[in-house]
Amino acid sequence: MKAVIFDMDGTLYDTERIYGEAWERAGISHELYLRLIGRSHVNIVSLLNNCGYKGEEICALKKKYTDELLEKRGIPVKPGVIDTLKWLQERKVLTAIATSSHISVADRYLDETNMRGYFSKVISGNGLEHGKPEPDIFLYAADQLETDPEECVVVEDGYNGVRAGKAAGMTTVMIPDQVLPDEEMRSLADVILPSMEALPAWLEKQLPVFSPSS
């Protein structure tokens with residue numbers, strides 16, 4: 001293993017709770033919101049349209065409410081994230097973000113939390129034909145990191161991300177956020193950890209097969 005690829009929302013940042021509140025303000029039920037986690041914008045609009053909503057209008061409202069909430073509360077970083085990223089950096093392990101959010105959102109979060117320097121690549125799935133749960137974004141991330149998929153660890157919080165990581169042929173770690181692991185997730189994920197704080201200790205056990213990028 002040479003690289004660790006992180007999902008962003010709900011994994012690095014505690015933003016899914018904010019998104020959930022924004023979706024509900026926009027008129028989307030909590031149950032439907034849970035189905036939207038990890039999907040690309042195009043995929044979300046399509047799903048909302050199929051459920052009888054005007055997808056683009058609802059997404060615009062959700063963005064408005066999200067911006068208002070983030071302005072009030074700031075961008076919350078998940079516990080253990082900085083220590084984990086420092087741990088990986090010290091060991092010269094390649095890192096990337098692979099998010100379904102727009103690249104401008106990732107850029108804002110990284111800049112406002114001073115975390116950009118921890119990542120070799122920042123990749124948005126918005127420009128890809130297929131979003132999670134398809135593996136495209138993780139395969140693209142591996143290509144950008146110049147690693148093979150089997151050399152990568154994926155860290156995800158949501159069902160679609162776990163499905164995508166396994167479909168990409170990568171070692172997949174689930175750290176649950178808004179959705180608890182079900183039987184499918186327990187069978188797909190290589191390990192389910194309680195928090196990001198537990199990730200370095202688990203990776204430490206993989207060090208005999210973990211090869212630094214240099």
# chains A, B, ... in the order shown; residues from 1 in each chain; ligands from 1
>>> closest_atom_pairs(of="range 109-141 of chain A", to="range 30-37 of chain A", cutoff="12 Å", atoms="only C-alpha atoms", output="Markdown table")
| residue | atom | partner | partner_atom | distance |
| --- | --- | --- | --- | --- |
| A:Gly131 | CA | A:Ile37 | CA | 11.4 |
| A:Lys132 | CA | A:Ile37 | CA | 9.6 |
| A:Pro133 | CA | A:Ile37 | CA | 10.4 |
>>> residues_around(residues="Lys166 in chain A", least_positions_apart="6", cutoff="9 Å", atoms="only C-alpha atoms", output="PyMOL selection string")
chain A and resi 135+154+172+188-190
>>> write_last_selection(atoms="N, CA and C atoms", output="PDB file, in the first residue's frame")
ATOM      1  N   PRO A 135     -16.860   3.261  -9.256  1.00  0.00           N
ATOM      2  CA  PRO A 135     -15.495   3.433  -8.765  1.00  0.00           C
ATOM      3  C   PRO A 135     -14.675   4.515  -9.453  1.00  0.00           C
ATOM      4  N   VAL A 154      -8.842   3.423   0.899  1.00  0.00           N
ATOM      5  CA  VAL A 154      -9.926   4.408   0.840  1.00  0.00           C
ATOM      6  C   VAL A 154     -10.520   4.564   2.234  1.00  0.00           C
ATOM      7  N   THR A 172     -10.668  -0.799   1.856  1.00  0.00           N
ATOM      8  CA  THR A 172     -11.666   0.213   2.188  1.00  0.00           C
ATOM      9  C   THR A 172     -11.958   0.232   3.683  1.00  0.00           C
ATOM     10  N   LEU A 188     -18.582  -5.529   3.002  1.00  0.00           N
ATOM     11  CA  LEU A 188     -17.753  -4.858   2.006  1.00  0.00           C
ATOM     12  C   LEU A 188     -16.494  -4.235   2.590  1.00  0.00           C
ATOM     13  N   ALA A 189     -16.640  -3.530   3.710  1.00  0.00           N
ATOM     14  CA  ALA A 189     -15.503  -2.799   4.280  1.00  0.00           C
ATOM     15  C   ALA A 189     -14.470  -3.773   4.834  1.00  0.00           C
ATOM     16  N   ASP A 190     -13.203  -3.440   4.620  1.00  0.00           N
ATOM     17  CA  ASP A 190     -12.130  -4.259   5.188  1.00  0.00           C
ATOM     18  C   ASP A 190     -12.045  -4.078   6.696  1.00  0.00           C
TER      19      ASP A 190
END
>>> residues_around(residues="Leu139 in chain A", least_positions_apart="4", cutoff="8 Å", atoms="only C-alpha atoms", output="list in words")
Pro135, Asp143, Pro149 and Ala168 of chain A
>>> write_last_selection(atoms="N, CA and C atoms", output="CSV table (one decimal), in the first residue's frame")
chain,number,residue,atom,x,y,z
A,135,PRO,N,-16.9,3.3,-9.3
A,135,PRO,CA,-15.5,3.4,-8.8
A,135,PRO,C,-14.7,4.5,-9.5
A,143,ASP,N,-4.8,7.0,-10.4
A,143,ASP,CA,-4.0,7.3,-11.6
A,143,ASP,C,-3.3,8.6,-11.4
A,149,PRO,N,-4.6,0.6,-8.0
A,149,PRO,CA,-5.7,0.6,-7.1
A,149,PRO,C,-5.4,-0.3,-5.9
A,168,ALA,N,-13.5,-0.3,-6.8
A,168,ALA,CA,-12.2,0.1,-7.4
A,168,ALA,C,-11.1,-0.9,-7.0
>>> select_by_dssp(residues="range 110-161 of chain A", states="alpha helix (DSSP H)", output="PyMOL selection string")
chain A and resi 110-112+136-144+159-161
>>> residues_around(residues="Cys59 in chain A", least_positions_apart="5", cutoff="10 Å", atoms="only C-alpha atoms", output="list in words")
Ala22, Trp23, Ala26, His41, Ile44, Val45, Leu48, Lys54, Lys64 and Tyr65 of chain A
>>> closest_residue(among="A:Ala198, A:Val105, A:Ile18, A:Leu94", to="Leu69 in chain A", atoms="only C-alpha atoms")
A:Ile18
>>> decode(residues="range 141-159 of chain A", atoms="N, CA and C atoms", output="PDB file, in the first residue's frame")
ATOM      1  N   ALA A 141      -8.278   8.923  -8.948  1.00  0.00           N
ATOM      2  CA  ALA A 141      -7.360   9.373  -7.899  1.00  0.00           C
ATOM      3  C   ALA A 141      -6.084   8.530  -7.895  1.00  0.00           C
ATOM      4  N   ALA A 142      -6.222   7.217  -8.039  1.00  0.00           N
ATOM      5  CA  ALA A 142      -5.056   6.342  -8.086  1.00  0.00           C
ATOM      6  C   ALA A 142      -4.170   6.692  -9.272  1.00  0.00           C
ATOM      7  N   ASP A 143      -4.798   6.967 -10.410  1.00  0.00           N
ATOM      8  CA  ASP A 143      -4.043   7.342 -11.603  1.00  0.00           C
ATOM      9  C   ASP A 143      -3.282   8.645 -11.370  1.00  0.00           C
ATOM     10  N   GLN A 144      -3.935   9.630 -10.733  1.00  0.00           N
ATOM     11  CA  GLN A 144      -3.290  10.904 -10.456  1.00  0.00           C
ATOM     12  C   GLN A 144      -2.144  10.760  -9.453  1.00  0.00           C
ATOM     13  N   LEU A 145      -2.262   9.815  -8.551  1.00  0.00           N
ATOM     14  CA  LEU A 145      -1.200   9.561  -7.566  1.00  0.00           C
ATOM     15  C   LEU A 145      -0.119   8.634  -8.112  1.00  0.00           C
ATOM     16  N   GLU A 146      -0.338   8.137  -9.338  1.00  0.00           N
ATOM     17  CA  GLU A 146       0.586   7.206  -9.992  1.00  0.00           C
ATOM     18  C   GLU A 146       0.777   5.942  -9.157  1.00  0.00           C
ATOM     19  N   THR A 147      -0.345   5.422  -8.669  1.00  0.00           N
ATOM     20  CA  THR A 147      -0.349   4.172  -7.911  1.00  0.00           C
ATOM     21  C   THR A 147      -1.372   3.231  -8.523  1.00  0.00           C
ATOM     22  N   ASP A 148      -1.224   1.949  -8.244  1.00  0.00           N
ATOM     23  CA  ASP A 148      -2.224   0.974  -8.662  1.00  0.00           C
ATOM     24  C   ASP A 148      -3.347   0.952  -7.635  1.00  0.00           C
ATOM     25  N   PRO A 149      -4.582   0.635  -8.048  1.00  0.00           N
ATOM     26  CA  PRO A 149      -5.698   0.612  -7.105  1.00  0.00           C
ATOM     27  C   PRO A 149      -5.441  -0.258  -5.876  1.00  0.00           C
ATOM     28  N   GLU A 150      -4.795  -1.414  -6.079  1.00  0.00           N
ATOM     29  CA  GLU A 150      -4.561  -2.314  -4.946  1.00  0.00           C
ATOM     30  C   GLU A 150      -3.513  -1.774  -3.976  1.00  0.00           C
ATOM     31  N   GLU A 151      -2.847  -0.677  -4.347  1.00  0.00           N
ATOM     32  CA  GLU A 151      -1.877  -0.035  -3.461  1.00  0.00           C
ATOM     33  C   GLU A 151      -2.509   1.082  -2.634  1.00  0.00           C
ATOM     34  N   CYS A 152      -3.821   1.253  -2.756  1.00  0.00           N
ATOM     35  CA  CYS A 152      -4.499   2.383  -2.113  1.00  0.00           C
ATOM     36  C   CYS A 152      -5.460   1.939  -1.011  1.00  0.00           C
ATOM     37  N   VAL A 153      -5.552   2.785   0.014  1.00  0.00           N
ATOM     38  CA  VAL A 153      -6.545   2.642   1.070  1.00  0.00           C
ATOM     39  C   VAL A 153      -7.568   3.761   0.895  1.00  0.00           C
ATOM     40  N   VAL A 154      -8.842   3.423   0.899  1.00  0.00           N
ATOM     41  CA  VAL A 154      -9.926   4.408   0.840  1.00  0.00           C
ATOM     42  C   VAL A 154     -10.520   4.564   2.234  1.00  0.00           C
ATOM     43  N   VAL A 155     -10.751   5.813   2.656  1.00  0.00           N
ATOM     44  CA  VAL A 155     -11.392   6.081   3.939  1.00  0.00           C
ATOM     45  C   VAL A 155     -12.700   6.804   3.658  1.00  0.00           C
ATOM     46  N   GLU A 156     -13.807   6.185   4.054  1.00  0.00           N
ATOM     47  CA  GLU A 156     -15.142   6.668   3.711  1.00  0.00           C
ATOM     48  C   GLU A 156     -16.080   6.605   4.903  1.00  0.00           C
ATOM     49  N   ASP A 157     -17.151   7.411   4.853  1.00  0.00           N
ATOM     50  CA  ASP A 157     -18.165   7.362   5.902  1.00  0.00           C
ATOM     51  C   ASP A 157     -19.498   6.824   5.411  1.00  0.00           C
ATOM     52  N   GLY A 158     -19.748   6.879   4.101  1.00  0.00           N
ATOM     53  CA  GLY A 158     -21.072   6.560   3.574  1.00  0.00           C
ATOM     54  C   GLY A 158     -21.121   5.280   2.763  1.00  0.00           C
ATOM     55  N   TYR A 159     -22.322   4.784   2.586  1.00  0.00           N
ATOM     56  CA  TYR A 159     -22.534   3.540   1.850  1.00  0.00           C
ATOM     57  C   TYR A 159     -21.993   3.611   0.428  1.00  0.00           C
TER      58      TYR A 159
END
